[in-house]
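Structure file start_5.cif (mmCIF, C-alpha atoms and all ligand atoms) follows.
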```
data_structure
#
loop_
_atom_site.group_PDB
_atom_site.id
_atom_site.type_symbol
_atom_site.label_atom_id
_atom_site.label_comp_id
_atom_site.auth_asym_id
_atom_site.auth_seq_id
_atom_site.Cartn_x
_atom_site.Cartn_y
_atom_site.Cartn_z
ATOM 1 C CA MET A 1 68.096 1.743 -84.326
ATOM 2 C CA GLY A 2 67.306 1.180 -80.678
ATOM 3 C CA MET A 3 65.698 -2.141 -79.898
ATOM 4 C CA GLU A 4 62.547 -0.501 -78.596
ATOM 5 C CA ARG A 5 61.810 0.799 -82.102
ATOM 6 C CA LEU A 6 60.640 -2.654 -83.198
ATOM 7 C CA VAL A 7 56.940 -3.192 -83.884
ATOM 8 C CA PRO A 8 55.569 -6.627 -84.748
ATOM 9 C CA THR A 9 53.427 -5.867 -87.836
ATOM 10 C CA LEU A 10 52.706 -3.233 -90.490
ATOM 11 C CA GLU A 11 49.321 -2.626 -88.800
ATOM 12 C CA ASP A 12 51.140 -1.654 -85.608
ATOM 13 C CA LEU A 13 53.422 0.600 -87.627
ATOM 14 C CA GLU A 14 50.398 2.501 -88.905
ATOM 15 C CA VAL A 15 49.371 3.374 -85.337
ATOM 16 C CA VAL A 16 52.896 4.474 -84.408
ATOM 17 C CA LEU A 17 53.339 6.619 -87.540
ATOM 18 C CA ASN A 18 50.014 8.349 -86.941
ATOM 19 C CA MET A 19 50.813 9.067 -83.316
ATOM 20 C CA LEU A 20 54.337 10.188 -84.067
ATOM 21 C CA ALA A 21 53.595 12.991 -86.516
ATOM 22 C CA ARG A 22 50.440 14.205 -84.785
ATOM 23 C CA SER A 23 52.047 14.383 -81.360
ATOM 24 C CA ALA A 24 55.237 15.994 -82.623
ATOM 25 C CA THR A 25 54.148 18.737 -85.002
ATOM 26 C CA GLY A 26 50.441 18.211 -85.533
ATOM 27 C CA GLN A 27 50.991 16.917 -89.081
ATOM 28 C CA LYS A 28 48.840 14.113 -90.424
ATOM 29 C CA LEU A 29 51.865 12.144 -91.548
ATOM 30 C CA THR A 30 55.543 12.406 -90.846
ATOM 31 C CA VAL A 31 57.369 14.028 -93.790
ATOM 32 C CA TYR A 32 59.943 11.289 -94.094
ATOM 33 C CA THR A 33 59.091 7.642 -93.823
ATOM 34 C CA SER A 34 61.210 5.096 -95.659
ATOM 35 C CA LEU A 35 59.882 1.604 -96.163
ATOM 36 C CA ILE A 36 62.850 -0.700 -96.842
ATOM 37 C CA THR A 37 61.751 -4.161 -97.763
ATOM 38 C CA GLY A 38 65.081 -5.969 -97.970
ATOM 39 C CA PRO A 39 67.775 -6.740 -100.532
ATOM 40 C CA ARG A 40 67.054 -6.774 -104.239
ATOM 41 C CA ARG A 41 65.219 -9.865 -105.497
ATOM 42 C CA PRO A 42 66.467 -11.530 -108.742
ATOM 43 C CA GLU A 43 63.584 -10.067 -110.766
ATOM 44 C CA ASP A 44 64.130 -6.491 -109.407
ATOM 45 C CA LEU A 45 65.872 -4.009 -111.735
ATOM 46 C CA ASP A 46 67.827 -2.324 -108.961
ATOM 47 C CA GLY A 47 68.222 -2.275 -105.186
ATOM 48 C CA PRO A 48 70.825 -3.222 -102.584
ATOM 49 C CA GLU A 49 72.700 -6.507 -102.760
ATOM 50 C CA GLU A 50 72.589 -6.848 -99.009
ATOM 51 C CA LEU A 51 70.646 -5.202 -96.204
ATOM 52 C CA HIS A 52 71.999 -4.849 -92.695
ATOM 53 C CA VAL A 53 69.843 -3.608 -89.827
ATOM 54 C CA ILE A 54 71.765 -2.893 -86.649
ATOM 55 C CA VAL A 55 69.607 -3.128 -83.549
ATOM 56 C CA LEU A 56 71.224 -1.499 -80.552
ATOM 57 C CA ASP A 57 70.590 -2.544 -77.004
ATOM 58 C CA ASN A 58 72.972 -0.065 -75.370
ATOM 59 C CA GLY A 59 71.518 -0.394 -71.877
ATOM 60 C CA ARG A 60 67.885 -0.564 -72.974
ATOM 61 C CA SER A 61 67.215 -4.180 -71.996
ATOM 62 C CA ALA A 62 68.408 -3.368 -68.461
ATOM 63 C CA GLN A 63 65.119 -1.453 -68.092
ATOM 64 C CA LEU A 64 63.014 -4.466 -69.034
ATOM 65 C CA GLY A 65 61.213 -5.746 -65.955
ATOM 66 C CA ASP A 66 62.129 -2.671 -63.903
ATOM 67 C CA PRO A 67 58.829 -1.721 -62.229
ATOM 68 C CA MET A 68 59.752 1.960 -62.200
ATOM 69 C CA PHE A 69 61.434 2.459 -65.557
ATOM 70 C CA GLN A 70 60.222 -0.204 -67.993
ATOM 71 C CA GLU A 71 57.618 2.185 -69.427
ATOM 72 C CA VAL A 72 60.385 4.450 -70.699
ATOM 73 C CA LEU A 73 60.845 1.908 -73.514
ATOM 74 C CA ASN A 74 57.356 2.806 -74.810
ATOM 75 C CA CYS A 75 58.689 6.163 -76.026
ATOM 76 C CA ILE A 76 58.067 6.771 -79.733
ATOM 77 C CA ARG A 77 60.443 9.812 -79.828
ATOM 78 C CA CYS A 78 57.773 12.249 -80.913
ATOM 79 C CA ALA A 79 59.281 15.084 -78.814
ATOM 80 C CA ALA A 80 55.880 16.308 -77.587
ATOM 81 C CA CYS A 81 57.294 16.323 -74.052
ATOM 82 C CA LEU A 82 60.149 18.601 -75.184
ATOM 83 C CA ASN A 83 57.774 21.095 -76.780
ATOM 84 C CA VAL A 84 55.856 21.634 -73.541
ATOM 85 C CA CYS A 85 58.710 21.428 -71.015
ATOM 86 C CA PRO A 86 59.369 24.836 -69.376
ATOM 87 C CA VAL A 87 62.977 23.857 -68.629
ATOM 88 C CA TYR A 88 63.753 22.633 -72.159
ATOM 89 C CA LYS A 89 62.217 25.809 -73.600
ATOM 90 C CA GLN A 90 64.750 27.862 -71.644
ATOM 91 C CA VAL A 91 67.907 25.775 -71.944
ATOM 92 C CA GLY A 92 67.598 24.089 -75.366
ATOM 93 C CA GLY A 93 68.720 20.633 -76.446
ATOM 94 C CA HIS A 94 72.543 20.872 -76.319
ATOM 95 C CA THR A 95 72.613 21.287 -72.542
ATOM 96 C CA TYR A 96 71.490 17.701 -71.974
ATOM 97 C CA GLY A 97 74.832 16.294 -73.170
ATOM 98 C CA SER A 98 73.207 13.451 -75.087
ATOM 99 C CA VAL A 99 71.209 12.847 -78.253
ATOM 100 C CA TYR A 100 68.122 12.585 -76.078
ATOM 101 C CA SER A 101 67.093 15.924 -74.655
ATOM 102 C CA GLY A 102 64.109 17.310 -72.784
ATOM 103 C CA PRO A 103 62.177 15.340 -70.156
ATOM 104 C CA ILE A 104 62.622 12.006 -71.931
ATOM 105 C CA GLY A 105 66.377 12.674 -72.222
ATOM 106 C CA ALA A 106 66.590 13.546 -68.528
ATOM 107 C CA VAL A 107 65.169 10.090 -67.735
ATOM 108 C CA LEU A 108 66.711 8.013 -70.510
ATOM 109 C CA THR A 109 70.296 9.312 -70.498
ATOM 110 C CA PRO A 110 71.188 8.353 -66.888
ATOM 111 C CA LEU A 111 69.545 4.956 -67.424
ATOM 112 C CA LEU A 112 71.340 4.180 -70.693
ATOM 113 C CA LYS A 113 74.693 5.466 -69.486
ATOM 114 C CA GLN A 114 74.131 3.786 -66.112
ATOM 115 C CA ASP A 115 75.716 6.855 -64.623
ATOM 116 C CA MET A 116 73.931 8.457 -61.712
ATOM 117 C CA LYS A 117 76.867 10.617 -60.678
ATOM 118 C CA GLU A 118 77.135 12.887 -63.759
ATOM 119 C CA ALA A 119 74.145 12.070 -65.982
ATOM 120 C CA GLY A 120 71.970 11.698 -62.870
ATOM 121 C CA GLN A 121 72.139 15.489 -62.540
ATOM 122 C CA LEU A 122 69.689 15.672 -65.448
ATOM 123 C CA ALA A 123 66.924 14.473 -63.128
ATOM 124 C CA TYR A 124 67.020 17.926 -61.558
ATOM 125 C CA ALA A 125 66.373 19.660 -64.905
ATOM 126 C CA SER A 126 62.650 19.621 -64.283
ATOM 127 C CA SER A 127 60.079 21.665 -62.419
ATOM 128 C CA LEU A 128 58.029 18.445 -61.976
ATOM 129 C CA CYS A 129 55.008 20.290 -63.355
ATOM 130 C CA GLY A 130 53.858 17.143 -65.185
ATOM 131 C CA ALA A 131 53.339 18.936 -68.539
ATOM 132 C CA CYS A 132 55.439 16.199 -70.202
ATOM 133 C CA TYR A 133 53.072 13.511 -68.936
ATOM 134 C CA GLU A 134 50.033 15.447 -70.133
ATOM 135 C CA ALA A 135 51.500 15.806 -73.641
ATOM 136 C CA CYS A 136 52.954 12.302 -73.990
ATOM 137 C CA PRO A 137 50.814 10.180 -76.357
ATOM 138 C CA VAL A 138 51.867 6.944 -74.638
ATOM 139 C CA LYS A 139 51.528 8.409 -71.143
ATOM 140 C CA ILE A 140 54.980 7.714 -69.739
ATOM 141 C CA PRO A 141 54.987 9.080 -66.147
ATOM 142 C CA LEU A 142 58.197 11.068 -66.707
ATOM 143 C CA HIS A 143 57.694 13.334 -63.686
ATOM 144 C CA ASP A 144 57.430 10.303 -61.364
ATOM 145 C CA MET A 145 60.522 8.778 -62.951
ATOM 146 C CA LEU A 146 62.486 11.987 -62.421
ATOM 147 C CA VAL A 147 61.637 11.957 -58.711
ATOM 148 C CA HIS A 148 62.650 8.306 -58.539
ATOM 149 C CA LEU A 149 65.971 9.067 -60.245
ATOM 150 C CA ARG A 150 66.669 11.836 -57.731
ATOM 151 C CA HIS A 151 65.940 9.352 -54.971
ATOM 152 C CA ARG A 152 68.295 6.819 -56.559
ATOM 153 C CA LYS A 153 71.060 9.405 -56.836
ATOM 154 C CA VAL A 154 70.777 10.275 -53.143
ATOM 155 C CA LYS A 155 70.643 6.585 -52.138
ATOM 156 C CA MET A 156 73.845 6.009 -54.099
ATOM 157 C CA GLY A 157 75.528 8.714 -52.030
ATOM 158 C CA TYR A 158 75.964 11.312 -54.795
ATOM 159 C CA ALA A 159 74.038 14.139 -53.116
ATOM 160 C CA PRO A 160 76.256 17.104 -52.142
ATOM 161 C CA PRO A 161 76.691 17.398 -48.320
ATOM 162 C CA LEU A 162 75.088 20.855 -48.264
ATOM 163 C CA GLU A 163 71.997 19.524 -50.026
ATOM 164 C CA LYS A 164 71.788 16.631 -47.555
ATOM 165 C CA LEU A 165 71.955 19.060 -44.652
ATOM 166 C CA ALA A 166 69.337 21.353 -46.210
ATOM 167 C CA PHE A 167 66.879 18.478 -46.619
ATOM 168 C CA LYS A 168 67.518 17.252 -43.076
ATOM 169 C CA VAL A 169 66.675 20.701 -41.723
ATOM 170 C CA TYR A 170 63.639 20.889 -44.007
ATOM 171 C CA ALA A 171 62.348 17.462 -42.888
ATOM 172 C CA THR A 172 62.823 18.256 -39.184
ATOM 173 C CA THR A 173 61.103 21.637 -39.505
ATOM 174 C CA PHE A 174 58.161 20.386 -41.536
ATOM 175 C CA GLY A 175 57.825 17.350 -39.248
ATOM 176 C CA SER A 176 57.005 19.450 -36.188
ATOM 177 C CA VAL A 177 54.122 21.929 -35.878
ATOM 178 C CA LYS A 178 56.011 23.952 -33.300
ATOM 179 C CA LEU A 179 59.189 24.223 -35.380
ATOM 180 C CA TYR A 180 57.197 24.964 -38.533
ATOM 181 C CA ARG A 181 55.370 27.848 -36.869
ATOM 182 C CA MET A 182 58.599 29.239 -35.454
ATOM 183 C CA ALA A 183 60.297 29.018 -38.858
ATOM 184 C CA ALA A 184 57.329 30.693 -40.589
ATOM 185 C CA LYS A 185 57.413 33.561 -38.101
ATOM 186 C CA SER A 186 61.163 34.057 -38.366
ATOM 187 C CA ALA A 187 60.915 33.919 -42.195
ATOM 188 C CA TYR A 188 58.745 37.033 -42.046
ATOM 189 C CA PHE A 189 61.302 38.946 -40.013
ATOM 190 C CA GLY A 190 64.193 37.570 -42.092
ATOM 191 C CA LEU A 191 62.595 38.695 -45.370
ATOM 192 C CA LYS A 192 61.219 42.017 -44.126
ATOM 193 C CA PRO A 193 64.415 44.059 -44.767
ATOM 194 C CA PHE A 194 64.307 43.025 -48.453
ATOM 195 C CA ALA A 195 60.603 43.781 -49.010
ATOM 196 C CA ARG A 196 59.209 46.820 -50.773
ATOM 197 C CA GLY A 197 55.553 47.336 -51.722
ATOM 198 C CA GLY A 198 54.520 43.829 -50.654
ATOM 199 C CA ALA A 199 57.186 42.078 -52.747
ATOM 200 C CA ILE A 200 60.882 41.283 -52.616
ATOM 201 C CA ARG A 201 62.824 42.646 -55.551
ATOM 202 C CA ARG A 202 66.209 41.156 -54.753
ATOM 203 C CA LEU A 203 66.757 38.036 -52.640
ATOM 204 C CA PRO A 204 70.164 37.470 -51.057
ATOM 205 C CA GLY A 205 72.518 34.501 -51.600
ATOM 206 C CA PRO A 206 71.307 31.499 -53.598
ATOM 207 C CA GLY A 207 67.825 33.068 -53.927
ATOM 208 C CA ALA A 208 69.240 35.915 -56.058
ATOM 209 C CA GLY A 209 68.672 34.013 -59.309
ATOM 210 C CA TRP A 210 64.951 33.852 -58.608
ATOM 211 C CA THR A 211 64.570 37.636 -58.352
ATOM 212 C CA GLN A 212 66.718 38.400 -61.395
ATOM 213 C CA SER A 213 63.651 38.468 -63.616
ATOM 214 C CA ARG A 214 60.645 38.227 -61.273
ATOM 215 C CA LEU A 215 59.343 39.412 -57.926
ATOM 216 C CA PHE A 216 59.194 37.180 -54.877
ATOM 217 C CA PRO A 217 55.930 37.648 -52.946
ATOM 218 C CA MET A 218 56.457 38.835 -49.398
ATOM 219 C CA LYS A 219 55.200 36.550 -46.679
ATOM 220 C CA PRO A 220 52.146 38.048 -44.909
ATOM 221 C CA LYS A 221 52.687 39.091 -41.322
ATOM 222 C CA GLN A 222 49.847 36.913 -40.069
ATOM 223 C CA SER A 223 49.406 33.339 -41.228
ATOM 224 C CA PHE A 224 45.970 31.948 -42.093
ATOM 225 C CA ARG A 225 46.012 29.920 -38.866
ATOM 226 C CA ASP A 226 46.774 33.032 -36.775
ATOM 227 C CA ARG A 227 44.009 34.978 -38.487
ATOM 228 C CA TRP A 228 41.578 32.116 -37.940
ATOM 229 C CA GLU A 229 42.368 31.910 -34.228
ATOM 230 C CA ALA A 230 42.114 35.711 -33.869
ATOM 231 C CA LEU A 231 38.714 35.636 -35.574
ATOM 232 C CA GLN A 232 37.451 32.984 -33.164
ATOM 233 C CA ARG A 233 38.650 34.980 -30.174
ATOM 234 C CA GLU A 234 36.923 38.106 -31.527
ATOM 235 C CA LEU A 235 33.690 36.252 -32.044
ATOM 236 C CA GLN A 236 33.763 34.739 -28.561
ATOM 237 C CA ALA A 237 34.381 38.175 -27.023
ATOM 238 C CA ALA A 238 31.651 39.894 -29.095
ATOM 239 C CA PRO A 239 28.181 40.395 -27.567
ATOM 240 C CA GLN A 240 26.059 37.406 -28.422
ATOM 241 C CA THR A 241 23.619 38.956 -30.861
ATOM 242 C CA LYS A 242 21.668 36.529 -32.984
ATOM 243 C CA ALA A 243 23.905 37.211 -35.990
ATOM 244 C CA ALA A 244 27.148 36.859 -33.990
ATOM 245 C CA LYS A 245 25.901 33.602 -32.487
ATOM 246 C CA ALA A 246 25.162 32.232 -35.951
ATOM 247 C CA ALA A 247 28.610 33.358 -37.191
ATOM 248 C CA GLY A 248 30.229 31.716 -34.131
ATOM 249 C CA GLN A 249 28.443 28.474 -34.872
ATOM 250 C CA GLN A 250 29.623 28.662 -38.457
ATOM 251 C CA VAL A 251 33.231 29.136 -37.308
ATOM 252 C CA GLU A 252 32.915 26.304 -34.799
ATOM 253 C CA LYS A 253 31.522 24.037 -37.506
ATOM 254 C CA GLY A 254 34.389 25.008 -39.809
ATOM 255 C CA ARG A 255 36.926 24.398 -37.057
ATOM 256 C CA ILE A 256 35.592 20.903 -36.386
ATOM 257 C CA LYS A 257 35.677 20.149 -40.101
ATOM 258 C CA HIS A 258 39.168 21.676 -40.402
ATOM 259 C CA ASP A 259 40.543 19.681 -37.449
ATOM 260 C CA GLY A 260 38.875 16.522 -38.682
HETATM 261 S S1 LIG B 1 58.284 10.514 -73.701
HETATM 262 FE FE1 LIG B 1 56.286 10.603 -74.678
HETATM 263 S S2 LIG B 1 56.129 12.726 -75.403
HETATM 264 FE FE2 LIG B 1 58.312 12.395 -74.934
HETATM 265 S S3 LIG B 1 59.220 11.777 -76.874
HETATM 266 FE FE3 LIG B 1 58.618 9.892 -75.814
HETATM 267 S S4 LIG B 1 56.563 9.418 -76.557
HETATM 268 FE FE4 LIG B 1 56.968 11.559 -77.115
#
```

Please express the file's structure as structure tokens.
Amino acid sequence: MGMERLVPTLEDLEVVLNMLARSATGQKLTVYTSLITGPRRPEDLDGPEELHVIVLDNGRSAQLGDPMFQEVLNCIRCAACLNVCPVYKQVGGHTYGSVYSGPIGAVLTPLLKQDMKEAGQLAYASSLCGACYEACPVKIPLHDMLVHLRHRKVKMGYAPPLEKLAFKVYATTFGSVKLYRMAAKSAYFGLKPFARGGAIRRLPGPGAGWTQSRLFPMKPKQSFRDRWEALQRELQAAPQTKAAKAAGQQVEKGRIKHDG
């Protein structure tokens, strides 16, 4: 057994057993629990001559004291996070290449193998929706850990050059209002040839996988910001009836709040 399976007393075991079955399958008690009390005593009729318990560390103690990953050792292996994970539901357990699958496997495997190059890829097998955290009875922040593992992989220089470039472009564009607006406008014109009935049925290149089984919503021609500015201009140009004045004041109030 892994070293993190140890609990100090039988009272603590009761809590763990209750949590385990209820979180995993909703049963009141797990269907197999063996209580092994040790080798046969002289007065016992039968039982083992010797009892060996092998406690494996296998990279686990390296997580002790790690501010980001120590909590992963709290896992009771109930598999509740697997049951709710949208990625696991699609790909199944064998794809994780380890005995630990699902969100907990995606965190634990790279840590235990101490391999960010290959096993670190598992950190990307998540939509980061946080469903695993919601379901986890011991509240391990798996989605935060997955982001941290991705960060670690990049810091160790294992990110593909194309990905690095893509994120550089993304950061520059989203870091400048002017560039962001330009990119949003050109996205409309870039996507327009693929749109039909307000949706895109087949995206080109790497986006093709997305539209294999679902529609991609077409970007509206006018952004919210453009519509907001147009509305203000219209209101300023409109004759100042009592109602228009009140509406203008409302918009002005909203703008101040929005800018603030
Ligand atoms: S991470 Fe949480 S939900 Fe997933 S197996 Fe461990 S204890 Fe269960």

*Name the residues, by chain letter and number, that sit within 12 Å of ligand LIG 1 (chain B) using all atoms listed in the file, and give them as a PyMOL selection string.*
chain A and resi 4-5+16-17+19-25+69+71-85+88+100-108+130-143+145

*Determine the residue membership of the PyMOL selection byres (((chain A and resi 32-48) around 12) and not hetatm) for the file above and supply it as a PyMOL selection string.*
chain A and resi 10+13-14+16-18+20-21+27+29-31+49-53

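Take the PyMOL selection byres (((chain A and resi 152-167) around 12) and not hetatm) and apply it to this file: it picks Met68, Pro110, Leu111, Gln114, Asp115, Met116, Lys117, Glu118, Ala119, Gly120, Gln121, Leu122, Ala123, Tyr124, Met145, Leu146, Val147, His148, Leu149, Arg150, His151, Lys168, Val169, Tyr170, Ala171, Thr172, Thr173, Phe174 and Gly175 of chain A.
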
Selection above as a file: C-alpha atoms, as a short mmCIF file (atom, residue, chain, number, x, y, z; two decimals), keeping the file's coordinate frame:
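Writing done, so here's again_28.cif:
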```cif
data_model
loop_
_atom_site.label_atom_id
_atom_site.label_comp_id
_atom_site.auth_asym_id
_atom_site.auth_seq_id
_atom_site.Cartn_x
_atom_site.Cartn_y
_atom_site.Cartn_z
CA MET A 68 59.75 1.96 -62.20
CA PRO A 110 71.19 8.35 -66.89
CA LEU A 111 69.54 4.96 -67.42
CA GLN A 114 74.13 3.79 -66.11
CA ASP A 115 75.72 6.86 -64.62
CA MET A 116 73.93 8.46 -61.71
CA LYS A 117 76.87 10.62 -60.68
CA GLU A 118 77.14 12.89 -63.76
CA ALA A 119 74.14 12.07 -65.98
CA GLY A 120 71.97 11.70 -62.87
CA GLN A 121 72.14 15.49 -62.54
CA LEU A 122 69.69 15.67 -65.45
CA ALA A 123 66.92 14.47 -63.13
CA TYR A 124 67.02 17.93 -61.56
CA MET A 145 60.52 8.78 -62.95
CA LEU A 146 62.49 11.99 -62.42
CA VAL A 147 61.64 11.96 -58.71
CA HIS A 148 62.65 8.31 -58.54
CA LEU A 149 65.97 9.07 -60.24
CA ARG A 150 66.67 11.84 -57.73
CA HIS A 151 65.94 9.35 -54.97
CA LYS A 168 67.52 17.25 -43.08
CA VAL A 169 66.68 20.70 -41.72
CA TYR A 170 63.64 20.89 -44.01
CA ALA A 171 62.35 17.46 -42.89
CA THR A 172 62.82 18.26 -39.18
CA THR A 173 61.10 21.64 -39.51
CA PHE A 174 58.16 20.39 -41.54
CA GLY A 175 57.82 17.35 -39.25
#
```

_Interatomic distance, CA of Glu234 (chain A) to CA of Tyr180 (chain A) (Å, one decimal)_ = 25.2 Å

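The interatomic distance for the pair CA of Asp144 (chain A) and CA of Lys113 (chain A) works out to 19.7 Å.
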
*Please indicate the distance in Å from CA of Gly190 (chain A) to CA of Ser223 (chain A), rounded to one decimal place.*
15.4 Å

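Each of A:Pro220, A:Gly26, A:Ala125, A:Arg214 was checked against Gly92 (chain A) using only C-alpha atoms; the smallest atom-to-atom distance is that of A:Ala125.
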